[in-house]
>>> print(open('protein25.tsv').read())   # TSV, C-alpha atoms
chain	number	residue	atom	x	y	z
T	272	GLN	CA	0.00	0.00	0.00
T	273	LEU	CA	2.89	2.33	0.70
T	274	THR	CA	4.22	1.83	-2.83
T	275	LEU	CA	0.81	2.51	-4.34
T	276	SER	CA	0.41	5.62	-2.21
T	277	PHE	CA	3.90	6.85	-3.14
T	278	SER	CA	3.19	6.24	-6.85
T	279	SER	CA	-0.10	8.10	-6.57
T	280	CYS	CA	1.69	11.01	-4.93
T	281	ILE	CA	4.31	11.14	-7.73
T	282	LEU	CA	1.64	10.86	-10.42
T	283	ASN	CA	-0.38	13.62	-8.76
T	284	PHE	CA	2.74	15.83	-8.58
T	285	GLN	CA	3.56	15.12	-12.25
T	286	HIS	CA	-0.02	15.84	-13.25
T	287	GLN	CA	0.01	19.19	-11.40
T	288	HIS	CA	3.41	20.06	-12.88
T	289	LEU	CA	2.27	19.06	-16.35
T	290	SER	CA	-0.94	21.11	-15.94
T	291	THR	CA	1.15	24.15	-14.98
T	292	ILE	CA	3.39	23.69	-18.03
T	293	ILE	CA	0.37	23.28	-20.32
T	294	MET	CA	-1.29	26.35	-18.82
T	295	GLN	CA	1.88	28.40	-19.34
T	296	PHE	CA	2.13	27.09	-22.90
T	297	ASN	CA	-1.49	28.01	-23.60
T	298	ILE	CA	-0.93	31.55	-22.38
T	299	SER	CA	2.15	32.01	-24.57
T	300	ALA	CA	0.53	30.11	-27.43
T	301	SER	CA	-2.46	32.44	-27.34
T	302	TRP	CA	-0.18	35.37	-28.12
T	303	VAL	CA	1.21	33.47	-31.08
T	304	GLU	CA	-2.32	32.75	-32.27
T	305	VAL	CA	-2.97	36.49	-32.44
T	306	LEU	CA	-0.37	36.54	-35.23
T	307	PHE	CA	-2.65	34.19	-37.14
T	308	TRP	CA	-6.11	35.52	-36.28
T	309	PHE	CA	-5.55	39.28	-36.54
T	310	PRO	CA	-4.48	39.43	-40.21
T	311	THR	CA	-6.77	36.56	-41.21
T	312	LEU	CA	-9.88	38.21	-39.80
T	313	THR	CA	-8.73	41.55	-41.23
T	314	ASP	CA	-8.45	39.96	-44.67
T	315	LEU	CA	-11.82	38.28	-44.27
T	316	SER	CA	-13.54	41.54	-43.29
T	317	LEU	CA	-11.87	43.41	-46.18
T	318	LEU	CA	-12.97	40.65	-48.50
T	319	VAL	CA	-16.57	40.87	-47.35
T	320	MET	CA	-16.69	44.67	-47.60
T	321	ILE	CA	-14.72	45.29	-50.79
T	322	TYR	CA	-15.71	42.20	-52.75
T	323	GLY	CA	-19.31	42.67	-51.70
T	324	ASN	CA	-19.37	46.25	-52.94
T	325	CYS	CA	-17.49	45.42	-56.15
T	326	SER	CA	-19.85	42.53	-56.89
T	327	TYR	CA	-23.02	44.42	-56.04
T	328	HIS	CA	-22.26	47.89	-57.41
T	329	GLY	CA	-19.89	46.98	-60.24
T	330	VAL	CA	-17.27	48.89	-62.14
T	331	MET	CA	-18.99	52.28	-61.83
T	332	TRP	CA	-18.91	52.15	-58.02
T	333	TYR	CA	-15.23	51.23	-58.12
T	334	LEU	CA	-14.34	54.04	-60.50
T	335	GLN	CA	-16.29	56.55	-58.43
T	336	GLN	CA	-14.44	55.43	-55.31
T	337	ALA	CA	-11.10	55.58	-57.10
T	338	THR	CA	-11.70	59.11	-58.43
T	339	GLN	CA	-13.47	60.44	-55.35
T	340	ASP	CA	-10.45	62.46	-54.15
T	341	LYS	CA	-9.71	63.96	-57.55
T	342	LYS	CA	-10.86	67.50	-58.24
T	343	SER	CA	-12.43	66.89	-61.62
T	344	ASP	CA	-15.70	68.00	-63.15
T	345	GLU	CA	-15.68	65.00	-65.47
T	346	ILE	CA	-18.58	62.67	-64.80
T	347	ILE	CA	-18.00	59.04	-65.61
T	348	THR	CA	-20.95	57.22	-67.13
T	349	ILE	CA	-21.29	53.58	-68.06
T	350	GLU	CA	-21.68	54.60	-71.71
T	351	SER	CA	-18.43	56.58	-71.67
T	352	LEU	CA	-16.37	53.57	-70.61
T	353	ASN	CA	-14.30	51.73	-73.14
T	354	PRO	CA	-15.45	48.10	-73.60
T	355	THR	CA	-11.91	47.04	-72.68
T	356	VAL	CA	-12.50	48.47	-69.18
T	357	HIS	CA	-15.44	46.09	-68.77
T	358	GLN	CA	-13.35	43.15	-69.98
T	359	VAL	CA	-10.54	43.97	-67.55
T	360	TRP	CA	-13.10	44.44	-64.77
T	361	GLU	CA	-14.67	41.03	-65.44
T	362	PHE	CA	-11.26	39.37	-65.54
T	363	GLY	CA	-10.29	40.99	-62.24
T	364	MET	CA	-13.59	39.99	-60.65
T	365	MET	CA	-13.05	36.38	-61.73
T	366	ALA	CA	-9.74	36.34	-59.85
T	367	TYR	CA	-11.30	38.14	-56.88
T	368	SER	CA	-14.19	35.64	-56.88
T	369	ALA	CA	-11.72	32.77	-56.66
T	370	TYR	CA	-10.07	34.48	-53.68
T	371	ALA	CA	-13.53	35.08	-52.18
T	372	VAL	CA	-14.18	31.33	-52.28
T	373	LEU	CA	-10.73	30.10	-51.29
T	374	LEU	CA	-10.07	32.41	-48.32
T	375	PRO	CA	-13.18	31.33	-46.34
T	376	LEU	CA	-12.49	27.70	-47.28
T	377	ALA	CA	-8.91	27.97	-46.06
T	378	LEU	CA	-10.13	29.69	-42.89
T	379	TYR	CA	-12.57	26.82	-42.31
T	380	TRP	CA	-9.70	24.34	-42.67
T	381	CYS	CA	-7.62	26.41	-40.24
T	382	ILE	CA	-10.42	26.23	-37.68
T	383	VAL	CA	-11.12	22.51	-38.12
T	384	LEU	CA	-7.46	21.49	-38.53
T	385	PRO	CA	-5.25	23.97	-36.62
T	386	GLN	CA	-2.15	22.13	-37.79
T	387	VAL	CA	-2.65	23.62	-41.30
T	388	ARG	CA	-2.35	27.20	-39.99
T	389	PRO	CA	1.42	27.45	-40.56
T	390	SER	CA	0.98	26.30	-44.18
T	391	PHE	CA	-1.79	28.86	-44.65
T	392	CYS	CA	0.46	31.57	-43.20
T	393	TRP	CA	3.34	30.56	-45.49
T	394	ALA	CA	0.96	30.78	-48.46
T	395	MET	CA	-0.31	34.20	-47.39
T	396	THR	CA	3.26	35.41	-46.78
T	397	THR	CA	4.14	34.27	-50.31
T	398	LEU	CA	1.10	36.12	-51.65
T	399	MET	CA	2.23	39.27	-49.82
T	400	ALA	CA	5.76	38.88	-51.24
T	401	ILE	CA	4.25	38.72	-54.74
T	402	LYS	CA	2.31	41.91	-53.98
T	403	VAL	CA	5.52	43.62	-52.86
T	404	ARG	CA	7.29	42.52	-56.01
T	405	PHE	CA	4.42	43.87	-58.13
T	406	LEU	CA	4.28	47.20	-56.30
T	407	LEU	CA	8.04	47.67	-56.54
T	408	SER	CA	8.01	46.85	-60.26
T	409	GLN	CA	5.24	49.44	-60.76
T	410	GLU	CA	7.39	52.12	-59.10
T	411	THR	CA	10.13	51.66	-61.67
T	412	LYS	CA	7.66	51.85	-64.58
T	413	ARG	CA	5.78	54.93	-63.37
T	414	LYS	CA	6.06	58.24	-65.18
T	415	SER	CA	6.27	61.59	-63.46
T	416	GLY	CA	3.31	63.89	-62.87
T	417	LYS	CA	0.51	64.52	-60.40
T	418	ALA	CA	-1.22	61.20	-61.07
T	419	ALA	CA	2.08	59.36	-60.62
T	420	ALA	CA	2.68	61.14	-57.30
T	421	GLY	CA	-0.74	60.03	-56.05
T	422	LEU	CA	-0.11	56.44	-57.11
T	423	GLU	CA	3.34	56.55	-55.53
T	424	GLN	CA	1.79	57.61	-52.21
T	425	GLN	CA	-0.80	54.81	-52.43
T	426	ASN	CA	1.92	52.27	-53.18
T	427	LYS	CA	3.99	53.49	-50.22
T	428	GLU	CA	0.98	52.97	-47.95
T	429	LYS	CA	0.38	49.50	-49.39
T	430	LEU	CA	4.05	48.58	-48.99
T	431	ALA	CA	4.04	49.85	-45.40
T	432	SER	CA	1.03	47.65	-44.56
T	433	LEU	CA	2.78	44.67	-46.12
T	434	TYR	CA	6.11	45.30	-44.42
T	435	PHE	CA	4.82	46.30	-40.99
T	436	PHE	CA	1.59	44.31	-40.68
T	437	TYR	CA	1.31	41.29	-42.96
T	438	PHE	CA	4.92	40.08	-42.97
T	439	PRO	CA	5.32	40.27	-39.17
T	440	THR	CA	1.97	38.59	-38.53
T	441	TYR	CA	1.59	35.91	-41.21
T	442	GLY	CA	5.34	35.45	-41.60
T	443	GLY	CA	5.95	35.58	-37.86
T	444	TYR	CA	3.33	32.95	-37.18
T	445	ALA	CA	4.71	30.68	-39.91
T	446	ILE	CA	8.26	30.99	-38.57
T	447	ILE	CA	7.28	30.49	-34.92
T	448	LYS	CA	5.12	27.46	-35.68
>>> encode(input="protein25.tsv", output="structure tokens")
Amino acid sequence: QLTLSFSSCILNFQHQHLSTIIMQFNISASWVEVLFWFPTLTDLSLLVMIYGNCSYHGVMWYLQQATQDKKSDEIITIESLNPTVHQVWEFGMMAYSAYAVLLPLALYWCIVLPQVRPSFCWAMTTLMAIKVRFLLSQETKRKSGKAAAGLEQQNKEKLASLYFFYFPTYGGYAIIK
């Protein structure tokens, strides 16, 4: 009986010690999970808002939003648009629609199978690297002028969000996990 009691005491001590370690791990792990959830939910909310508006309101809404800050008396009408603009819009919306399907699906997989989160974060980090490459290549092709200065400012803001938000969160999570 003494041996059984001693074994029970050791097992109880190990269980308490293990519970403490697990609790400490969960606290530190929860901070790591913020690196996953914050950008993912941000992307999902942006997807819902922007894709929803682009799908519902179409190319005219987008062009009005894009030219909203410009001081121009020119009114854009659907009839004044070149048919090529509509073709480019439809092509872009096809790609955006694929993203609109795949992001929620990937998020579902990340919820059901948390072990796929690092792979998801590596994929999103790669996507962000491709965006950086594209934005940097656009800077070298841009001409001078007021319009170019406005685009340059927008690209700087986009690059800052990639460098200081998406890479540290998605990339950080992928590296830590």
>>> residues_around(input="protein25.tsv", residues="Thr440 (chain T)", least_positions_apart="5", cutoff="12 Å", atoms="only C-alpha atoms", output="PyMOL selection string")
chain T and resi 302-313+389+392-393+395-396+399+432-435+445-448
>>> closest_residue(input="protein25.tsv", among="T:Gln409, T:Thr397, T:Gln335, T:Ser368", to="Gly442 (chain T)", atoms="all atoms listed in the file")
T:Thr397
>>> closest_residue(input="protein25.tsv", among="T:Tyr322, T:Tyr379, T:Asp314, T:Ser390", to="Ala366 (chain T)", atoms="only C-alpha atoms")
T:Tyr322
>>> atom_distance(input="protein25.tsv", atom1="CA of Ala371 (chain T)", atom2="CA of Tyr327 (chain T)")
13.9 Å
>>> closest_residue(input="protein25.tsv", among="T:Ile382, T:Ala394, T:Val330, T:Glu410", to="Thr355 (chain T)", atoms="all atoms listed in the file")
T:Val330
>>> residues_around(input="protein25.tsv", residues="Cys325 (chain T)", least_positions_apart="6", cutoff="9 Å", atoms="only C-alpha atoms", output="PDB file with C-alpha atoms, in the coordinates of the input")
ATOM      1  CA  TRP T 332     -18.910  52.150 -58.020  1.00  0.00           C
ATOM      2  CA  TYR T 333     -15.230  51.230 -58.120  1.00  0.00           C
ATOM      3  CA  MET T 364     -13.590  39.990 -60.650  1.00  0.00           C
TER       4      MET T 364
END
>>> residues_around(input="protein25.tsv", residues="Ala377 (chain T)", least_positions_apart="4", cutoff="10 Å", atoms="only C-alpha atoms", output="PDB file with C-alpha atoms, in the coordinates of the input")
ATOM      1  CA  VAL T 372     -14.180  31.330 -52.280  1.00  0.00           C
ATOM      2  CA  LEU T 373     -10.730  30.100 -51.290  1.00  0.00           C
ATOM      3  CA  CYS T 381      -7.620  26.410 -40.240  1.00  0.00           C
ATOM      4  CA  ILE T 382     -10.420  26.230 -37.680  1.00  0.00           C
ATOM      5  CA  VAL T 383     -11.120  22.510 -38.120  1.00  0.00           C
ATOM      6  CA  VAL T 387      -2.650  23.620 -41.300  1.00  0.00           C
ATOM      7  CA  ARG T 388      -2.350  27.200 -39.990  1.00  0.00           C
ATOM      8  CA  PHE T 391      -1.790  28.860 -44.650  1.00  0.00           C
TER       9      PHE T 391
END
>>> atom_distance(input="protein25.tsv", atom1="CA of Ser301 (chain T)", atom2="CA of Leu378 (chain T)")
17.6 Å
>>> atom_distance(input="protein25.tsv", atom1="CA of Met365 (chain T)", atom2="CA of Pro439 (chain T)")
29.4 Å
>>> closest_residue(input="protein25.tsv", among="T:Asn324, T:Gln336, T:Leu430, T:Gly329", to="Ile401 (chain T)", atoms="all atoms listed in the file")
T:Leu430
>>> closest_residue(input="protein25.tsv", among="T:Ala400, T:Leu374, T:Val356, T:Met331", to="Leu317 (chain T)", atoms="all atoms listed in the file")
T:Leu374
>>> closest_residue(input="protein25.tsv", among="T:Gln424, T:Gly323, T:Gly443, T:Phe438", to="Tyr367 (chain T)", atoms="only C-alpha atoms")
T:Gly323
